[in-house]
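Containing compact mmCIF, C-alpha atoms: start_5.txt.
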```txt
# COMPACT_ATOMS: atom_id res chain seq x y z
CA MET G 1 -6.61 20.96 25.23
CA LYS G 2 -9.93 21.34 27.00
CA SER G 3 -11.96 24.52 27.13
CA ARG G 4 -12.02 26.55 30.34
CA GLN G 5 -15.50 25.31 31.25
CA GLU G 6 -14.61 21.69 30.50
CA VAL G 7 -11.68 21.94 32.93
CA ILE G 8 -13.89 23.47 35.64
CA ASP G 9 -16.46 20.70 35.17
CA ALA G 10 -13.75 18.02 35.30
CA PHE G 11 -12.28 19.36 38.56
CA ALA G 12 -15.77 19.42 40.10
CA LYS G 13 -15.89 15.63 39.75
CA LEU G 14 -12.54 15.07 41.51
CA PRO G 15 -11.91 14.60 45.26
CA GLU G 16 -10.49 17.32 47.50
CA HIS G 17 -6.92 16.06 47.15
CA ILE G 18 -5.82 15.06 43.64
CA THR G 19 -2.87 13.33 41.99
CA THR G 20 -0.73 14.42 39.04
CA ARG G 21 -2.65 12.03 36.80
CA ASP G 22 -5.96 13.51 38.01
CA ILE G 23 -4.70 16.96 37.04
CA ALA G 24 -3.57 15.72 33.62
CA ASN G 25 -6.93 14.06 32.88
CA ALA G 26 -8.92 17.07 34.08
CA THR G 27 -6.95 19.58 32.00
CA GLY G 28 -6.56 17.40 28.91
CA ARG G 29 -2.78 17.41 29.31
CA ARG G 30 -0.26 14.60 29.53
CA VAL G 31 1.37 13.66 32.84
CA PRO G 32 4.84 14.93 31.74
CA GLY G 33 3.28 18.30 30.96
CA VAL G 34 1.82 18.58 34.46
CA GLN G 35 5.12 17.47 35.97
CA ASN G 36 6.76 20.28 34.01
CA TRP G 37 4.43 22.79 35.73
CA ILE G 38 5.26 21.30 39.12
CA THR G 39 9.01 21.37 38.52
CA HIS G 40 9.43 24.73 36.82
CA ASP G 41 6.67 26.98 38.17
CA PRO G 42 7.24 27.98 41.82
CA THR G 43 3.64 29.23 42.07
CA PHE G 44 2.19 25.78 41.43
CA PRO G 45 0.41 24.51 44.58
CA GLY G 46 2.45 22.23 46.82
CA GLU G 47 1.43 18.97 48.43
CA SER G 48 -1.71 19.14 50.57
CA ALA G 49 -2.00 15.66 52.07
CA PRO G 50 0.32 12.83 53.21
CA ARG G 51 1.81 10.76 50.41
CA LYS G 52 0.73 7.20 49.73
CA GLY G 53 3.87 5.47 48.59
CA ARG G 54 5.21 7.58 45.73
CA THR G 55 1.84 9.21 45.04
CA ARG G 56 1.63 12.90 45.89
CA TYR G 57 -1.56 14.84 46.52
CA ARG G 58 -2.46 18.48 45.92
CA SER G 59 -5.46 20.60 46.80
CA ASN G 60 -8.14 20.44 44.12
CA PRO G 61 -9.38 24.06 44.62
CA LYS G 62 -5.84 25.48 44.71
CA VAL G 63 -4.71 23.64 41.56
CA LEU G 64 -7.86 24.73 39.71
CA ALA G 65 -7.38 28.35 40.82
CA TRP G 66 -3.76 28.23 39.65
CA TYR G 67 -4.76 26.77 36.29
CA LEU G 68 -7.49 29.33 35.61
CA GLU G 69 -5.00 32.15 36.17
CA GLN G 70 -2.68 30.89 33.42
CA PRO G 71 -2.72 32.48 29.94
CA PHE G 72 -3.38 29.13 28.27
CA ALA G 73 -6.65 28.75 30.23
CA GLY G 74 -8.35 31.68 28.52
CA ASP G 75 -11.78 31.39 26.94
CA ASP G 76 -10.25 31.68 23.47
CA ARG G 77 -8.63 28.24 23.85
CA PHE G 78 -10.73 25.52 22.34
CA GLY G 79 -10.95 21.83 23.17
CA PRO G 80 -11.84 19.12 20.64
CA ARG G 81 -15.57 19.60 21.23
CA ALA G 82 -15.52 23.35 20.60
CA LEU G 83 -13.36 22.79 17.56
CA GLY G 84 -15.85 20.23 16.28
CA ALA G 85 -18.54 22.90 16.07
CA ILE G 86 -16.14 25.19 14.21
CA ALA G 87 -15.00 22.39 11.86
CA ARG G 88 -18.60 21.71 10.89
CA GLN G 89 -19.08 25.34 9.81
CA VAL G 90 -15.87 26.33 8.04
CA ARG G 91 -15.25 25.68 4.34
CA PRO G 92 -11.48 25.84 3.71
CA GLU G 93 -10.18 26.10 0.17
CA LEU G 94 -7.30 23.68 0.73
CA GLU G 95 -7.85 19.94 1.07
CA ARG G 96 -4.48 19.26 2.71
CA MET G 97 -3.02 21.67 5.25
CA THR G 98 -0.07 22.24 7.54
CA VAL G 99 -0.50 22.75 11.28
CA THR G 100 -0.36 26.52 10.77
CA GLU G 101 -3.01 26.40 8.04
CA LEU G 102 -5.27 24.17 10.16
CA ALA G 103 -4.91 26.57 13.08
CA LYS G 104 -5.89 29.53 10.89
CA VAL G 105 -8.98 27.75 9.58
CA LEU G 106 -10.07 26.73 13.08
CA GLY G 107 -9.27 30.09 14.66
CA VAL G 108 -6.77 28.76 17.21
CA THR G 109 -3.02 28.90 17.67
CA PRO G 110 -0.70 26.33 16.03
CA ALA G 111 0.24 25.25 19.56
CA ALA G 112 -3.40 24.27 20.20
CA VAL G 113 -3.43 22.04 17.11
CA ARG G 114 -0.07 20.52 18.06
CA HIS G 115 -1.47 19.80 21.51
CA HIS G 116 -4.20 17.59 20.04
CA ILE G 117 -1.63 15.90 17.78
CA THR G 118 0.76 15.21 20.66
CA ASN G 119 -1.95 13.92 22.99
CA ASN G 120 -3.57 11.65 20.40
CA GLN G 121 -0.66 9.69 18.95
CA PRO G 122 -0.96 6.36 17.08
CA GLY G 123 -0.38 3.50 19.50
CA GLU G 124 -1.31 5.64 22.49
CA CYS G 125 -5.07 5.89 21.87
CA THR G 126 -7.72 4.10 19.80
CA ASP G 127 -8.56 7.16 17.72
CA PRO G 128 -5.34 9.09 16.95
CA PHE G 129 -5.20 12.49 15.29
CA PRO G 130 -4.80 12.13 11.48
CA GLU G 131 -1.16 11.70 10.49
CA ALA G 132 0.70 14.11 8.22
CA ASP G 133 2.04 13.19 4.79
CA GLU G 134 5.67 13.54 3.69
CA PHE G 135 5.15 17.30 3.29
CA GLY G 136 3.78 17.80 6.81
CA LYS G 137 0.21 18.26 5.58
CA ARG G 138 -2.95 16.59 6.84
CA SER G 139 -6.21 15.81 5.08
CA TRP G 140 -8.87 18.35 6.05
CA PRO G 141 -11.74 15.84 5.62
CA GLN G 142 -9.94 13.46 8.00
CA VAL G 143 -9.18 16.21 10.54
CA ARG G 144 -12.76 17.46 10.32
CA SER G 145 -14.09 13.96 10.93
CA TRP G 146 -11.74 13.47 13.91
CA LEU G 147 -13.01 16.67 15.51
CA LEU G 148 -16.64 15.71 14.89
CA ARG G 149 -16.07 12.28 16.46
CA HIS G 150 -14.71 13.89 19.61
CA ASP G 151 -17.90 15.92 19.80
CA ASP G 152 -19.92 12.74 19.20
CA PRO G 153 -17.94 9.68 20.42
CA LEU G 154 -18.59 6.04 19.58
CA PRO G 155 -21.44 4.63 21.74
CA GLU G 156 -20.20 2.80 24.82
CA PRO G 157 -20.62 -0.99 25.17
CA GLY G 158 -23.53 -2.35 27.18
CA ASP G 159 -23.30 -4.40 30.36
CA ASP G 160 -22.33 -7.47 28.33
CA GLY G 161 -19.33 -5.66 26.83
CA THR G 162 -20.78 -5.41 23.31
CA ARG G 163 -22.22 -2.49 21.39
CA ASP G 164 -25.70 -2.49 19.88
CA TRP G 165 -25.26 -2.60 16.08
CA PRO G 166 -28.32 -0.41 15.24
CA GLU G 167 -26.95 2.24 17.61
CA VAL G 168 -23.46 1.98 16.10
CA ARG G 169 -24.92 2.07 12.58
CA ALA G 170 -26.80 5.29 13.36
CA TRP G 171 -23.57 6.77 14.76
CA LEU G 172 -21.62 5.78 11.65
CA MET G 173 -24.15 7.47 9.37
CA ARG G 174 -24.62 10.58 11.53
CA ASN G 175 -23.06 12.98 9.01
CA LEU G 176 -23.46 11.00 5.78
CA GLU G 177 -25.80 13.51 4.17
CA GLY G 178 -24.34 16.87 3.26
CA GLU G 179 -22.16 18.64 0.74
CA SER G 180 -21.33 16.75 -2.44
CA HIS G 181 -17.89 18.14 -3.27
CA PRO G 182 -15.61 15.05 -3.51
CA ASP G 183 -12.04 14.89 -2.23
CA THR G 184 -9.09 13.35 -4.09
CA GLU G 185 -10.43 9.90 -3.22
CA GLY G 186 -13.79 10.76 -4.77
CA LEU G 187 -15.53 10.85 -1.37
CA THR G 188 -17.81 13.63 -0.17
CA LEU G 189 -17.32 15.06 3.31
CA GLY G 190 -20.20 12.91 4.55
CA GLN G 191 -18.78 9.75 2.98
CA ARG G 192 -15.33 10.51 4.36
CA ASP G 193 -16.82 10.98 7.82
CA LEU G 194 -18.50 7.57 7.52
CA VAL G 195 -15.22 5.91 6.47
CA GLU G 196 -13.27 7.56 9.29
CA ARG G 197 -15.94 6.60 11.83
CA ALA G 198 -15.84 3.02 10.56
CA ARG G 199 -12.06 2.95 10.97
CA ALA G 200 -12.34 4.33 14.51
CA ALA G 201 -15.06 1.79 15.34
CA GLU G 202 -12.96 -1.12 14.11
CA ARG G 203 -9.98 0.06 16.16
CA ALA G 204 -12.32 -0.03 19.16
CA GLY G 205 -13.22 -3.65 18.38
CA VAL G 206 -16.44 -3.17 16.39
CA LYS G 207 -16.78 -5.23 13.21
CA VAL G 208 -18.20 -3.06 10.43
CA PRO G 209 -19.43 -5.28 7.57
CA ALA G 210 -17.65 -4.46 4.30
CA GLU G 211 -20.80 -5.39 2.37
CA TRP G 212 -22.81 -2.81 4.33
CA LEU G 213 -20.19 -0.12 3.73
CA SER G 214 -20.10 -0.99 0.05
CA GLU G 215 -23.86 -0.55 -0.21
CA VAL G 216 -23.98 2.72 1.75
CA LEU G 217 -20.99 4.27 -0.02
CA LEU G 218 -22.13 3.02 -3.46
CA ILE G 219 -18.69 1.45 -4.01
CA GLU G 220 -18.97 -2.03 -5.53
CA ASP G 221 -15.29 -2.97 -5.32
CA THR G 222 -14.78 -4.51 -1.88
CA ARG G 223 -11.01 -4.12 -2.34
CA THR G 224 -11.53 -0.37 -2.37
CA ILE G 225 -13.57 -0.66 0.83
CA GLY G 226 -10.73 -2.62 2.44
CA ARG G 227 -8.18 -0.02 1.35
CA LEU G 228 -10.26 2.82 2.75
CA LEU G 229 -10.62 1.03 6.09
CA ARG G 230 -6.87 0.47 6.22
CA GLY G 231 -6.33 4.16 5.52
CA ALA G 232 -4.13 3.37 2.54
CA PRO G 233 -4.09 6.15 -0.08
CA ARG G 234 -5.25 5.50 -3.61
CA ARG G 235 -2.26 4.66 -5.77
CA THR G 236 -1.97 7.62 -8.08
CA ALA G 237 1.13 9.35 -9.34
CA PRO G 238 1.89 12.40 -7.14
CA THR G 239 1.51 15.74 -8.88
CA ARG G 240 4.29 17.46 -6.91
CA LEU G 241 7.61 16.06 -5.73
CA ARG G 242 10.63 17.21 -3.75
CA PRO G 243 14.09 17.21 -5.45
CA THR G 244 15.16 13.62 -4.75
CA ALA G 245 11.80 12.08 -5.70
CA LEU G 246 11.50 14.44 -8.68
CA ALA G 247 14.92 13.45 -9.98
CA ARG G 248 14.06 9.75 -9.62
CA ALA G 249 10.72 10.17 -11.40
CA LEU G 250 12.25 12.00 -14.36
CA GLY G 251 15.45 9.99 -14.73
CA LEU G 252 17.69 12.83 -13.53
CA THR G 253 20.21 13.16 -10.74
CA VAL G 254 19.59 15.39 -7.76
CA SER G 255 22.64 17.42 -8.82
CA GLN G 256 21.02 18.08 -12.20
CA VAL G 257 17.82 19.29 -10.58
CA LYS G 258 19.77 21.62 -8.30
CA HIS G 259 21.83 22.86 -11.26
CA PHE G 260 18.68 23.71 -13.23
CA GLU G 261 17.27 25.47 -10.16
CA ARG G 262 20.37 27.63 -9.65
CA THR G 263 21.12 28.33 -13.31
CA TYR G 264 17.81 28.81 -15.08
CA VAL G 265 16.35 31.66 -13.02
CA SER G 266 13.86 34.33 -14.06
CA GLU G 267 16.46 37.11 -13.84
CA HIS G 268 18.38 35.65 -16.77
CA TYR G 269 15.95 33.43 -18.72
CA ASP G 270 12.52 33.98 -20.22
CA ASP G 271 11.74 30.32 -19.53
CA PRO G 272 13.03 29.72 -15.99
CA PHE G 273 13.04 26.34 -14.27
CA PRO G 274 9.63 25.77 -12.61
CA SER G 275 9.51 27.25 -9.11
CA LYS G 276 9.12 25.20 -5.93
CA ASP G 277 6.45 25.61 -3.28
CA GLU G 278 6.90 26.11 0.46
CA ASN G 279 7.69 22.40 0.80
CA SER G 280 10.42 22.53 -1.91
CA ALA G 281 8.16 20.48 -4.19
CA ARG G 282 7.61 21.10 -7.90
CA ASP G 283 4.83 20.16 -10.30
CA VAL G 284 6.06 17.02 -12.08
CA GLN G 285 4.32 17.76 -15.38
CA GLU G 286 5.53 21.37 -15.44
CA VAL G 287 9.11 20.21 -14.95
CA ARG G 288 8.74 17.50 -17.62
CA LYS G 289 7.43 20.05 -20.14
CA TRP G 290 10.24 22.47 -19.24
CA LEU G 291 12.85 19.75 -19.80
CA ALA G 292 11.29 18.91 -23.17
CA ARG G 293 11.18 22.58 -24.28
CA ASN G 294 14.81 23.09 -23.34
CA ASN G 295 16.12 19.77 -24.67
CA LYS G 296 17.08 18.63 -21.17
CA LEU G 297 14.88 15.55 -21.02
CA PRO G 298 16.88 12.31 -20.59
CA ALA G 299 16.94 10.08 -23.66
CA THR G 300 14.75 7.46 -22.01
CA GLN G 301 12.07 10.11 -21.39
CA THR G 302 11.89 11.79 -24.79
CA ASP G 303 9.22 9.51 -26.17
CA ARG G 304 6.73 10.23 -23.38
```
Rewrite the coordinates I just gave you, this time as structure tokens.
Amino acid sequence: MKSRQEVIDAFAKLPEHITTRDIANATGRRVPGVQNWITHDPTFPGESAPRKGRTRYRSNPKVLAWYLEQPFAGDDRFGPRALGAIARQVRPELERMTVTELAKVLGVTPAAVRHHITNNQPGECTDPFPEADEFGKRSWPQVRSWLLRHDDPLPEPGDDGTRDWPEVRAWLMRNLEGESHPDTEGLTLGQRDLVERARAAERAGVKVPAEWLSEVLLIEDTRTIGRLLRGAPRRTAPTRLRPTALARALGLTVSQVKHFERTYVSEHYDDPFPSKDENSARDVQEVRKWLARNNKLPATQTDR
């Protein structure tokens, strides 16, 4: 979703009579969303000029006036660029967050975050919003980098259709220096931003040399560089699992896990079954230790 001023500036560049797609592009919405306004809001401006085939036209000033009167057009609604400035400043405690948690950190509504997710889907754009994991959480370093890139997009190609490598290189390294706190992959925020920019550049057709990335990131293993560019997570055992995956990891059945959950509760036992989080996931090692203490560990697991 664009900021109020961004919408005003976008409408100023459009002709007097505009199409549904013009309105969508100017407001940062998708065409179906604009069609929903047209269909369901009787106050939305009607057609202002003769149709050309199936294309309908509406008055630019009237549509803009209508838009600016809507609650979602308030100054407290932030577009990707405004959010980029906020993302650069905030220091959230969590590395992976839900939509609600991201919204709280960025100072916007969950609907505003979902808007960016919906309008930047994989397969529909060259730089999609970071995808969620199986628990509905997204990597903050990846989200932060996405917002910064939309404040500072990849340089456009020249007249010959190619991009100048020194210019692209400077763009890739724009935020490399900075805080040194590594994420779960061992990358600092600056290094993560470089990796995410390299991935976005390659999706746009720019070849980023793996040898150069290896040198800049101080990572000698080129296989690791390839994995980072593919976006594949490092293969490490998850620390928390939901019931089915937890049962599989510990050699139990899902029914056993649910039985332990219902039976061994804090009201009746001094050593209750480990509690689950908001995603119904439990710490694998805590559960393993609990099973061992209570002689519930499957025979094949007792020697671990």
Find the residues of region 151-238 of chain G that sit at most 10 Å from region 113-126 of chain G; for each, write down the nearest two atoms and how far apart they are in Å, to one decimal. Count all atoms listed in the file. Sort by chain, then by number going up, and give it as CSV.
```
residue,atom,partner,partner_atom,distance
G:Arg199,CA,G:Thr126,CA,9.9
G:Ala200,CA,G:Thr126,CA,7.0
G:Ala201,CA,G:Thr126,CA,8.9
G:Glu202,CA,G:Thr126,CA,9.3
G:Arg203,CA,G:Thr126,CA,5.9
G:Ala204,CA,G:Thr126,CA,6.2
G:Gly205,CA,G:Thr126,CA,9.6
```
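Separating CA of Arg230 (chain G) from CA of Val99 (chain G) is a distance of 23.7 Å.
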Answer as a list in words, residues within 12 Å of (9.5, 29.7, -8.2) using all atoms listed in the file = Glu261, Arg262, Tyr264, Val265, Ser266, Glu267, Asp271, Pro272, Phe273, Pro274, Ser275, Lys276, Asp277, Glu278, Asn279, Ser280, Ala281, Arg282, Asp283, Glu286 and Val287 of chain G
Restrict the selected residues to C-alpha atoms and save them as a CSV table (one decimal), in the frame of the given file.
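Here's the written file part.csv:
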```csv
chain,number,residue,atom,x,y,z
G,261,GLU,CA,17.3,25.5,-10.2
G,262,ARG,CA,20.4,27.6,-9.6
G,264,TYR,CA,17.8,28.8,-15.1
G,265,VAL,CA,16.4,31.7,-13.0
G,266,SER,CA,13.9,34.3,-14.1
G,267,GLU,CA,16.5,37.1,-13.8
G,271,ASP,CA,11.7,30.3,-19.5
G,272,PRO,CA,13.0,29.7,-16.0
G,273,PHE,CA,13.0,26.3,-14.3
G,274,PRO,CA,9.6,25.8,-12.6
G,275,SER,CA,9.5,27.2,-9.1
G,276,LYS,CA,9.1,25.2,-5.9
G,277,ASP,CA,6.4,25.6,-3.3
G,278,GLU,CA,6.9,26.1,0.5
G,279,ASN,CA,7.7,22.4,0.8
G,280,SER,CA,10.4,22.5,-1.9
G,281,ALA,CA,8.2,20.5,-4.2
G,282,ARG,CA,7.6,21.1,-7.9
G,283,ASP,CA,4.8,20.2,-10.3
G,286,GLU,CA,5.5,21.4,-15.4
G,287,VAL,CA,9.1,20.2,-15.0
```
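Among the candidates G:Val216, G:Ile38, G:Trp66, G:Arg88, the one nearest to Ile8 (chain G) when counting only C-alpha atoms is G:Trp66.
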task = Take CA of Glu196 (chain G) and CA of Leu218 (chain G) and report the distance between them in Å, one decimal.
result =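 These atoms are spaced 16.2 Å apart.
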Test item: residues at most 12 Å from region 49-53 of chain G, all atoms listed in the file, excluding those fewer than 6 positions along its chain, as number ranges by chain = G: 16-19, 59-60
Which centre and which edge lengths, in Å to one decimal, describe the axis-aligned box that holds all listed atoms of region 60-73 of chain G after 3 Å is added on each side, as JSON?
```
{"center_x": -6.0, "center_y": 26.5, "center_z": 36.5, "size_x": 12.7, "size_y": 18.0, "size_z": 22.4}
```
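Straight-line separation from CA of Ala198 (chain G) to CA of Gly84 (chain G): 18.1 Å.
You can rank G:Gln191, G:Gln89, G:Thr239, G:Thr98 by their closest distance to Ile219 (chain G) using all atoms listed in the file, and at the top of that list sits G:Gln191.
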Residues near Pro243 (chain G), cut-off 7 Å, all atoms listed in the file, skip fewer than 3 positions along chain, as a list in words = Leu246, Ala247, Val254, Val257 and Ala281 of chain G
request  = May I ask which of the residues G:Leu229, G:Val143, G:Phe11, G:Arg56 is the closest one to Leu213 (chain G), counting all atoms listed in the file?
outcome  = G:Leu229
Counting all atoms listed in the file, which residues come within 12 Å of (-19.8, 17.2, 8.1), with the point read in the file's coordinates, and could you list them as a compact mmCIF listing (two decimals) with C-alpha atoms, keeping the file's coordinate frame?
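Just written: out-v3.txt:
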```txt
# COMPACT_ATOMS: atom_id res chain seq x y z
CA GLY G 84 -15.85 20.23 16.28
CA ALA G 85 -18.54 22.90 16.07
CA ILE G 86 -16.14 25.19 14.21
CA ALA G 87 -15.00 22.39 11.86
CA ARG G 88 -18.60 21.71 10.89
CA GLN G 89 -19.08 25.34 9.81
CA VAL G 90 -15.87 26.33 8.04
CA ARG G 91 -15.25 25.68 4.34
CA TRP G 140 -8.87 18.35 6.05
CA PRO G 141 -11.74 15.84 5.62
CA GLN G 142 -9.94 13.46 8.00
CA VAL G 143 -9.18 16.21 10.54
CA ARG G 144 -12.76 17.46 10.32
CA SER G 145 -14.09 13.96 10.93
CA TRP G 146 -11.74 13.47 13.91
CA LEU G 147 -13.01 16.67 15.51
CA LEU G 148 -16.64 15.71 14.89
CA ARG G 149 -16.07 12.28 16.46
CA ASP G 151 -17.90 15.92 19.80
CA ASP G 152 -19.92 12.74 19.20
CA MET G 173 -24.15 7.47 9.37
CA ARG G 174 -24.62 10.58 11.53
CA ASN G 175 -23.06 12.98 9.01
CA LEU G 176 -23.46 11.00 5.78
CA GLU G 177 -25.80 13.51 4.17
CA GLY G 178 -24.34 16.87 3.26
CA GLU G 179 -22.16 18.64 0.74
CA SER G 180 -21.33 16.75 -2.44
CA HIS G 181 -17.89 18.14 -3.27
CA THR G 188 -17.81 13.63 -0.17
CA LEU G 189 -17.32 15.06 3.31
CA GLY G 190 -20.20 12.91 4.55
CA GLN G 191 -18.78 9.75 2.98
CA ARG G 192 -15.33 10.51 4.36
CA ASP G 193 -16.82 10.98 7.82
CA LEU G 194 -18.50 7.57 7.52
CA GLU G 196 -13.27 7.56 9.29
CA ARG G 197 -15.94 6.60 11.83
```
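Across G:Asp22, G:Glu167, G:Glu134, G:Glu185, the tightest approach to Leu241 (chain G) is made by G:Glu134 when counting only C-alpha atoms.
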Selected residue of minimal separation from Pro153 (chain G) among G:Asp127, G:Arg240, G:Phe260, G:Leu252, counting only C-alpha atoms =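 Selected residue with least distance to Pro153 (chain G): G:Asp127.
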task = Between G:Pro61, G:Asn36, G:Arg29, G:Ala245, single out the one closest to Lys13 (chain G), counting only C-alpha atoms.
result =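 Of G:Pro61, G:Asn36, G:Arg29, G:Ala245, the one nearest Lys13 (chain G) is G:Pro61, counting only C-alpha atoms.
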